[in-house]
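Asker: Next up, data.txt (compact mmCIF, C-alpha atoms and all ligand atoms).
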# COMPACT_ATOMS: atom_id res chain seq x y z
CA MET A 1 0.00 0.00 0.00
CA VAL A 2 2.65 2.42 1.07
CA PHE A 3 4.83 1.44 -1.86
CA ALA A 4 1.98 1.87 -4.31
CA ARG A 5 1.17 5.26 -2.90
CA ARG A 6 4.76 6.41 -3.11
CA LEU A 7 5.08 5.07 -6.64
CA ALA A 8 1.98 7.00 -7.63
CA LEU A 9 3.42 10.09 -6.03
CA VAL A 10 6.75 9.68 -7.82
CA LEU A 11 4.94 9.20 -11.10
CA SER A 12 2.79 12.22 -10.56
CA LEU A 13 5.81 14.32 -9.62
CA THR A 14 7.94 13.17 -12.53
CA GLY A 15 4.97 13.80 -14.79
CA LEU A 16 4.68 17.36 -13.56
CA PRO A 17 7.52 19.03 -15.48
CA LEU A 18 6.45 17.36 -18.70
CA GLY A 19 3.04 18.92 -18.42
CA CYS A 20 4.64 22.32 -17.98
CA GLN A 21 6.92 22.26 -20.97
CA PRO A 22 6.31 25.39 -22.96
CA LYS A 23 6.57 23.66 -26.32
CA GLN A 24 3.40 21.79 -25.67
CA GLU A 25 1.10 24.55 -24.58
CA VAL A 26 2.82 27.85 -24.75
CA SER A 27 1.35 29.08 -28.00
CA ALA A 28 -1.49 31.52 -27.70
CA GLU A 29 -2.49 30.79 -31.26
CA PRO A 30 -5.33 28.49 -32.05
CA LYS A 31 -4.29 24.89 -32.40
CA LYS A 32 -3.86 23.78 -35.94
CA VAL A 33 -5.59 20.66 -36.98
CA SER A 34 -3.17 18.30 -38.65
CA LYS A 35 -3.87 17.51 -42.27
CA LYS A 36 -4.52 13.96 -43.18
CA LYS A 37 -4.41 12.43 -46.57
CA GLU A 38 -7.97 12.34 -47.73
CA PRO A 39 -9.74 11.91 -51.03
CA LYS A 40 -9.88 15.10 -53.08
CA GLU A 41 -13.63 15.33 -53.09
CA GLY A 42 -13.57 15.63 -49.33
CA ALA A 43 -11.05 18.46 -49.36
CA LYS A 44 -13.58 21.25 -49.28
CA THR A 45 -15.50 19.91 -46.33
CA GLU A 46 -12.20 19.08 -44.62
CA LYS A 47 -11.09 22.70 -45.00
CA ALA A 48 -14.33 23.94 -43.57
CA ARG A 49 -13.98 21.55 -40.70
CA GLU A 50 -10.43 22.78 -40.10
CA ALA A 51 -11.57 26.39 -40.01
CA LYS A 52 -14.30 25.51 -37.54
CA ALA A 53 -11.91 23.57 -35.33
CA ALA A 54 -9.42 26.44 -35.37
CA GLU A 55 -12.19 28.87 -34.45
CA LYS A 56 -13.29 26.57 -31.63
CA ALA A 57 -9.74 26.27 -30.35
CA GLY A 58 -9.53 30.04 -30.31
CA GLU A 59 -12.69 30.30 -28.27
CA ALA A 60 -11.42 27.63 -25.94
CA GLU A 61 -8.46 29.77 -24.88
CA GLY A 62 -10.58 31.35 -22.19
CA GLU A 63 -11.94 28.10 -20.84
CA PRO A 64 -10.55 26.58 -17.66
CA GLY A 65 -7.87 24.06 -18.46
CA LYS A 66 -7.15 25.67 -21.79
CA PHE A 67 -4.99 28.52 -20.56
CA ILE A 68 -1.52 28.83 -21.88
CA VAL A 69 1.56 28.31 -19.73
CA PRO A 70 2.97 31.81 -19.46
CA PHE A 71 6.59 32.51 -20.21
CA ALA A 72 8.95 35.37 -19.78
CA TYR A 73 8.03 38.30 -21.94
CA GLU A 74 7.48 40.80 -19.17
CA ALA A 75 9.58 43.93 -19.13
CA ALA A 76 9.27 45.17 -15.55
CA LYS A 77 9.80 43.41 -12.23
CA ASP A 78 6.42 44.38 -10.83
CA GLU A 79 4.40 42.89 -13.66
CA PRO A 80 2.24 40.02 -12.45
CA LEU A 81 4.07 37.42 -14.49
CA ALA A 82 7.47 38.71 -13.39
CA GLN A 83 6.37 38.52 -9.77
CA THR A 84 5.00 35.06 -10.32
CA ARG A 85 8.21 33.82 -11.88
CA ALA A 86 10.29 35.37 -9.13
CA PHE A 87 8.14 33.77 -6.46
CA LEU A 88 8.22 30.37 -8.13
CA GLY A 89 11.96 30.60 -8.61
CA GLU A 90 12.41 31.28 -4.92
CA MET A 91 9.91 28.57 -4.09
CA LEU A 92 11.85 25.94 -5.97
CA GLN A 93 15.10 27.08 -4.42
CA ASP A 94 13.65 27.17 -0.92
CA ASN A 95 12.25 23.72 -1.49
CA GLN A 96 15.70 22.45 -2.43
CA ASP A 97 16.93 23.81 0.88
CA TYR A 98 14.00 22.24 2.68
CA MET A 99 14.83 18.85 1.20
CA THR A 100 18.22 18.96 2.90
CA HIS A 101 16.36 18.02 6.10
CA GLY A 102 16.91 14.55 4.74
CA ASP A 103 15.06 11.25 4.55
CA LYS A 104 15.19 10.62 8.27
CA PHE A 105 13.41 13.88 9.03
CA PHE A 106 10.56 13.17 6.64
CA ALA A 107 10.38 9.44 7.40
CA ALA A 108 9.40 10.30 10.97
CA PHE A 109 5.97 11.42 9.79
CA ALA A 110 5.73 10.07 6.26
CA ASP A 111 2.98 7.58 7.03
CA LYS A 112 1.03 9.23 9.81
CA GLN A 113 0.49 12.67 11.22
CA THR A 114 0.36 13.13 14.97
CA PRO A 115 -0.12 16.87 15.56
CA ARG A 116 -0.65 18.23 19.05
CA ALA A 117 -2.45 21.40 18.00
CA THR A 118 -5.28 22.22 15.65
CA VAL A 119 -4.57 25.81 14.68
CA ILE A 120 -7.09 28.15 13.10
CA THR A 121 -5.49 31.39 12.06
CA CYS A 122 -5.91 34.17 9.53
CA ALA A 123 -4.87 33.74 5.91
CA ASP A 124 -2.95 37.01 6.22
CA SER A 125 0.47 36.71 4.59
CA ARG A 126 2.14 38.27 7.60
CA VAL A 127 0.97 35.48 9.87
CA HIS A 128 3.03 32.30 9.78
CA THR A 129 4.01 29.42 12.02
CA PRO A 130 7.53 30.67 12.87
CA ALA A 131 5.83 33.23 15.10
CA TRP A 132 4.77 30.45 17.43
CA ASP A 133 6.41 27.23 16.24
CA VAL A 134 9.69 26.98 14.39
CA THR A 135 9.19 23.26 13.84
CA PRO A 136 5.53 23.01 12.88
CA GLU A 137 5.84 19.80 10.84
CA ASN A 138 3.59 17.10 12.19
CA ASP A 139 2.70 19.32 15.13
CA ASP A 140 0.45 22.13 13.85
CA PHE A 141 -2.67 21.02 12.01
CA MET A 142 -3.12 24.29 10.17
CA ILE A 143 -6.42 25.78 9.04
CA ARG A 144 -6.63 29.28 7.67
CA ASN A 145 -9.24 31.70 6.43
CA ILE A 146 -9.66 35.44 6.55
CA GLY A 147 -10.46 36.47 10.10
CA ASN A 148 -9.52 33.09 11.67
CA GLN A 149 -13.16 32.04 11.83
CA VAL A 150 -14.21 28.78 13.41
CA GLU A 151 -17.57 28.31 11.72
CA ASN A 152 -16.11 28.73 8.24
CA ALA A 153 -13.75 25.88 8.96
CA GLU A 154 -15.92 23.60 11.03
CA GLY A 155 -15.14 20.43 9.13
CA SER A 156 -11.40 20.90 9.19
CA ILE A 157 -11.40 21.82 12.86
CA GLU A 158 -13.55 18.84 13.68
CA TYR A 159 -11.14 16.64 11.77
CA GLY A 160 -8.21 17.96 13.79
CA ILE A 161 -9.97 17.45 17.11
CA GLU A 162 -12.04 14.34 16.60
CA HIS A 163 -9.90 12.35 14.18
CA LEU A 164 -6.39 13.55 14.84
CA ARG A 165 -7.24 14.00 18.50
CA THR A 166 -5.21 17.14 19.05
CA PRO A 167 -5.50 18.13 22.71
CA LEU A 168 -5.25 21.80 21.82
CA LEU A 169 -7.30 24.08 19.60
CA LEU A 170 -5.45 27.31 19.06
CA VAL A 171 -7.27 30.32 17.60
CA ILE A 172 -4.70 32.88 16.52
CA GLY A 173 -5.82 36.33 15.46
CA HIS A 174 -3.51 39.18 14.65
CA THR A 175 -3.32 42.93 14.88
CA GLY A 176 -3.80 44.73 11.61
CA CYS A 177 -6.35 42.13 10.48
CA GLY A 178 -8.03 43.26 7.27
CA ALA A 179 -10.97 40.91 7.79
CA VAL A 180 -11.68 42.43 11.18
CA LYS A 181 -11.39 45.93 9.79
CA ALA A 182 -13.75 45.07 6.95
CA ALA A 183 -16.27 43.64 9.39
CA MET A 184 -16.10 46.85 11.43
CA GLY A 185 -17.25 48.82 8.43
CA ASP A 186 -19.78 48.53 5.63
CA THR A 187 -19.43 45.17 3.94
CA SER A 188 -22.30 45.69 1.50
CA LYS A 189 -20.01 46.73 -1.30
CA LEU A 190 -17.87 43.62 -1.07
CA SER A 191 -18.51 40.68 -3.36
CA PRO A 192 -21.10 38.15 -2.19
CA ALA A 193 -18.38 35.53 -1.66
CA ILE A 194 -16.33 37.80 0.58
CA GLN A 195 -19.42 38.99 2.43
CA ALA A 196 -20.31 35.37 3.09
CA GLU A 197 -16.77 34.61 4.20
CA LEU A 198 -16.90 37.43 6.75
CA GLN A 199 -20.24 36.52 8.22
CA HIS A 200 -18.84 35.10 11.44
CA VAL A 201 -16.70 38.09 12.32
CA HIS A 202 -18.87 40.04 14.75
CA VAL A 203 -17.02 43.03 16.12
CA PRO A 204 -18.06 46.44 17.44
CA LYS A 205 -18.37 49.25 14.94
CA PRO A 206 -15.97 52.13 15.47
CA THR A 207 -17.29 54.74 17.86
CA ALA A 208 -16.72 58.45 17.79
CA GLY A 209 -13.95 59.65 20.05
CA LYS A 210 -11.99 56.43 19.96
CA PRO A 211 -8.84 56.32 17.86
CA PRO A 212 -9.54 53.98 14.92
CA GLU A 213 -6.30 52.06 15.50
CA THR A 214 -7.27 51.34 19.11
CA ALA A 215 -10.74 50.24 18.07
CA TRP A 216 -9.21 47.96 15.47
CA ALA A 217 -6.81 46.30 17.93
CA GLU A 218 -9.65 45.79 20.38
CA ALA A 219 -11.83 44.29 17.69
CA VAL A 220 -9.10 41.79 16.89
CA ILE A 221 -9.23 40.57 20.49
CA VAL A 222 -13.03 40.53 20.48
CA ASN A 223 -12.98 38.40 17.37
CA VAL A 224 -10.57 35.89 18.92
CA ASN A 225 -12.77 35.70 22.03
CA ASN A 226 -15.85 35.16 19.87
CA GLN A 227 -14.18 32.42 17.87
CA VAL A 228 -13.11 30.67 21.07
CA GLU A 229 -16.70 30.85 22.31
CA THR A 230 -17.97 29.32 19.09
CA ALA A 231 -15.46 26.49 19.38
CA LEU A 232 -16.38 25.91 23.01
CA LYS A 233 -20.01 25.42 22.03
CA GLN A 234 -19.06 22.87 19.43
CA PHE A 235 -16.52 20.97 21.51
CA SER A 236 -17.87 21.47 25.03
CA LYS A 237 -17.86 17.73 25.68
CA GLN A 238 -14.17 17.36 24.94
CA VAL A 239 -13.32 20.44 27.00
CA GLN A 240 -15.42 19.20 29.91
CA ALA A 241 -13.66 15.84 29.73
CA GLY A 242 -10.28 17.52 29.84
CA GLN A 243 -9.39 16.17 26.40
CA LEU A 244 -9.29 19.57 24.77
CA THR A 245 -8.13 23.05 25.68
CA VAL A 246 -9.24 25.94 23.51
CA VAL A 247 -6.77 28.80 23.53
CA GLY A 248 -7.15 32.20 21.89
CA ALA A 249 -4.06 34.26 21.08
CA VAL A 250 -3.13 37.41 19.21
CA LEU A 251 -0.01 37.82 17.11
CA ASP A 252 0.96 41.47 17.27
CA PHE A 253 3.48 42.21 14.54
CA ARG A 254 2.52 45.89 14.63
CA ASN A 255 3.18 46.27 18.33
CA ASP A 256 -0.34 47.68 18.75
CA LEU A 257 -0.47 46.14 22.22
CA GLN A 258 2.91 47.61 23.09
CA GLN A 259 4.49 44.36 24.18
CA GLY A 260 7.00 44.23 21.39
CA ALA A 261 6.54 43.59 17.70
CA GLY A 262 5.93 39.93 16.98
CA LYS A 263 4.62 39.07 20.45
CA VAL A 264 2.05 36.30 20.66
CA SER A 265 -0.20 36.97 23.65
CA ILE A 266 -2.60 34.41 25.03
CA VAL A 267 -5.89 36.24 25.57
CA ASN A 268 -8.34 33.42 26.17
CA VAL A 269 -8.26 29.93 27.67
CA ASN A 270 -11.47 27.91 27.52
CA GLY A 271 -13.54 31.08 27.58
CA ASN A 272 -11.59 32.76 30.38
CA SER A 273 -10.04 36.02 29.40
CA GLU A 274 -9.22 37.70 32.70
CA PRO A 275 -5.67 38.99 32.36
CA GLU A 276 -4.51 37.74 35.76
CA ARG A 277 -5.70 34.28 34.87
CA MET A 278 -3.94 34.51 31.53
CA ALA A 279 -0.76 35.58 33.29
CA ALA A 280 -1.04 32.70 35.74
CA PHE A 281 -1.67 30.33 32.86
CA VAL A 282 1.43 31.53 31.03
CA ASP A 283 3.43 31.10 34.22
CA ALA A 284 2.09 27.61 34.66
CA ILE A 285 3.09 26.75 31.09
CA ALA A 286 6.59 27.98 31.81
CA GLY A 287 6.62 25.70 34.83
CA LYS A 288 7.00 28.57 37.23
CA LYS A 289 5.71 28.62 40.75
CA GLU A 290 3.80 31.67 41.79
CA GLY A 291 5.99 34.69 42.11
CA GLU A 292 9.24 33.20 40.93
CA GLY A 293 11.13 31.94 37.94
CA LYS A 294 11.49 28.25 37.21
CA ASP A 295 14.91 28.28 38.83
CA GLY A 296 17.68 30.70 39.61
CA LYS A 297 19.59 29.89 36.46
CA ASP A 298 16.93 30.82 34.01
CA LYS A 299 17.00 34.59 34.11
CA LYS A 300 15.18 34.96 30.84
CA ARG A 301 12.24 32.94 32.07
CA GLY A 302 12.27 34.66 35.41
CA SER A 303 11.85 38.02 33.79
CA SER A 304 9.06 36.83 31.53
CA LYS A 305 6.73 36.83 34.52
CA LEU A 306 6.80 40.59 34.50
CA THR A 307 6.57 40.81 30.74
CA ASP A 308 3.57 38.53 30.56
CA THR A 309 1.82 40.29 33.38
CA ALA A 310 2.45 43.60 31.71
CA ALA A 311 1.18 42.16 28.43
CA ALA A 312 -1.96 40.94 30.10
CA ALA A 313 -2.48 44.33 31.73
CA ALA A 314 -2.03 46.09 28.41
CA ILE A 315 -4.50 43.77 26.74
CA ALA A 316 -6.83 44.31 29.66
CA GLU A 317 -6.56 48.02 29.11
CA GLN A 318 -7.48 47.51 25.49
CA ILE A 319 -10.39 45.29 26.38
CA ALA A 320 -11.53 47.65 29.11
CA LYS A 321 -12.34 50.23 26.49
CA LEU A 322 -14.80 47.90 24.83
CA GLY A 323 -17.59 48.79 27.23
CA GLY A 324 -20.35 46.26 27.72
CA HIS A 325 -18.29 43.32 26.54
CA ARG A 326 -17.89 40.64 29.14
CA ALA A 327 -14.16 41.23 29.27
CA ALA A 328 -14.61 44.69 30.82
CA PRO A 329 -14.89 43.62 34.47
CA ALA A 330 -11.89 41.39 33.93
CA ALA A 331 -9.96 44.39 32.74
CA GLU A 332 -10.83 46.23 35.92
CA ARG A 333 -9.57 43.31 37.94
CA ALA A 334 -6.40 43.31 35.88
CA GLU A 335 -5.85 46.95 36.55
CA ALA A 336 -6.28 46.38 40.25
CA HIS A 337 -3.89 43.47 39.93
CA ALA A 338 -1.33 45.60 38.16
CA ARG A 339 -1.64 48.32 40.81
CA ALA A 340 -1.17 45.79 43.59
CA GLU A 341 1.88 44.45 41.87
CA ALA A 342 3.35 47.89 41.52
CA LYS A 343 3.08 48.36 45.30
CA ALA A 344 4.38 45.00 46.35
CA GLU A 345 5.23 42.36 43.86
CA HIS A 346 3.07 39.25 44.21
CA ALA A 347 1.52 40.65 47.39
CA GLU A 348 -1.90 39.34 46.45
CA HIS A 349 -0.82 35.71 46.21
ZN ZN B 401 -6.30 38.76 9.28
Could you render the structure as structure tokens?
Ligand SMILES: [Zn+2]
Answerer:
Amino acid sequence: MVFARRLALVLSLTGLPLGCQPKQEVSAEPKKVSKKKEPKEGAKTEKAREAKAAEKAGEAEGEPGKFIVPFAYEAAKDEPLAQTRAFLGEMLQDNQDYMTHGDKFFAAFADKQTPRATVITCADSRVHTPAWDVTPENDDFMIRNIGNQVENAEGSIEYGIEHLRTPLLLVIGHTGCGAVKAAMGDTSKLSPAIQAELQHVHVPKPTAGKPPETAWAEAVIVNVNNQVETALKQFSKQVQAGQLTVVGAVLDFRNDLQQGAGKVSIVNVNGNSEPERMAAFVDAIAGKKEGEGKDGKDKKRGSSKLTDTAAAAAIAEQIAKLGGHRAAPAAERAEAHARAEAKAEHAEH
């Protein structure tokens, strides 16, 4: 079975370049019908048939599957074809580099995937696994759509949780999310397909007096919280049984939350979004006891307690401005927590 599958794969891969050879399909001209030796009396009808076939071939240029393989005639770097060729060139080179991982690396997961996380994140090109996992192979079951929406990807998420049995569902939103911004405004002018794709992003509309950038960053967090809630409804049984944890996070490559560009902040765990709980959760992940680093040697980890608490407080501040959202009281608690910490570190524990 495995051999047959690999053979099929090899065949399909070796067949690929042949199908792309320019000589076969590159001409934009209508295909010429080859002349066959035929009786003279049929020549007239044959010619007419040829003309019709040529005409048909010309019409067929616009049909799916009949497009030409483009080649290099572009004059400027920013032309679509030039960009495409540059990207593909880099892709093939990068893939060569990737292959240097070697057989052993790939053999480890060639026949079965065993990811630990189902990850739903935005399709945004600025969001990629290195932000949270530098070795995502066989570990991150990745699902993406604009606005990191759970309902749009129900089947894939269900597959990750129920069939691959990942113990973690990670919803990762990001600052600067175009889908969130679109949903904050008037979507009626967008195409029906995009309107439909955005239907599960429910965020507050911008309000007068609030800086648009702040409102946008807040809406990103609201969307992540909403998506976590949706997932919790669908997978409540697994969460109750302790088989699944649903975590919401925000990747902030714009430093909107002022915790450093590129920071991934956990903002929600199983529906809990209170910053002090998030901070405690992050500490627990790092294996820290309350109020101290993991051990004396690990200075970096020791200091992350403060960073994470500050991050949580900043997020709380953002959320606090939402008014009416359930996260608001949590933000107040976080502020109190931050104040207490400023007076005497860890005094409240
Ligand atoms: Zn986005």
Asker: Would you list the residues that come within 6 Å of ligand ZN 401 (chain B)? Count all atoms listed in the file and give the answer as number ranges by chain.
Answerer: A: 122, 124, 146-147, 177-179
Asker: Rounded to one decimal place, report the CA of Glu229 in chain A-CA of Glu137 in chain A distance in Å.
Answerer: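 Computing the Euclidean distance for CA of Glu229 in chain A and CA of Glu137 in chain A yields 27.6 Å.
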Asker: Record the distance separating CA of Ala196 in chain A and CA of Ala183 in chain A, expressed in Å with one decimal.
Answerer: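 Distance between the two atoms: 11.2 Å.
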Asker: Contacts of range 164-174 of chain A at 8 Å or less, counting all atoms listed in the file, minus same-chain residues fewer than 2 places along, as a ChimeraX atom specification?
Answerer: /A:113-122,127,147-148,159-162,176-177,220-221,223-224,227-228,243-253
Asker: Considering all atoms listed in the file, can you say which of A:Val201, A:Ala284, A:Trp132, A:Pro275 comes closest to Lys263 in chain A?
Answerer: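 Looking only at the distances to Lys263 in chain A, the closest residue turns out to be A:Trp132.
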Asker: Calculate how many Å separate CA of Gln83 in chain A from CA of Pro70 in chain A, rounding to one decimal.
Answerer: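 CA of Pro70 in chain A lies 12.3 Å from CA of Gln83 in chain A.
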Asker: Check the smallest atom-to-atom distance from each of A:Ile285, A:Met142, A:Ala280, A:Leu198 to Ala182 in chain A using all atoms listed in the file, then report the winner.
Answerer: A:Leu198
Asker: Taking into account all atoms listed in the file, which residue in the set A:Thr207, A:Asn138, A:Asn95, A:Thr175 is nearest to Arg126 in chain A?
Answerer: A:Thr175
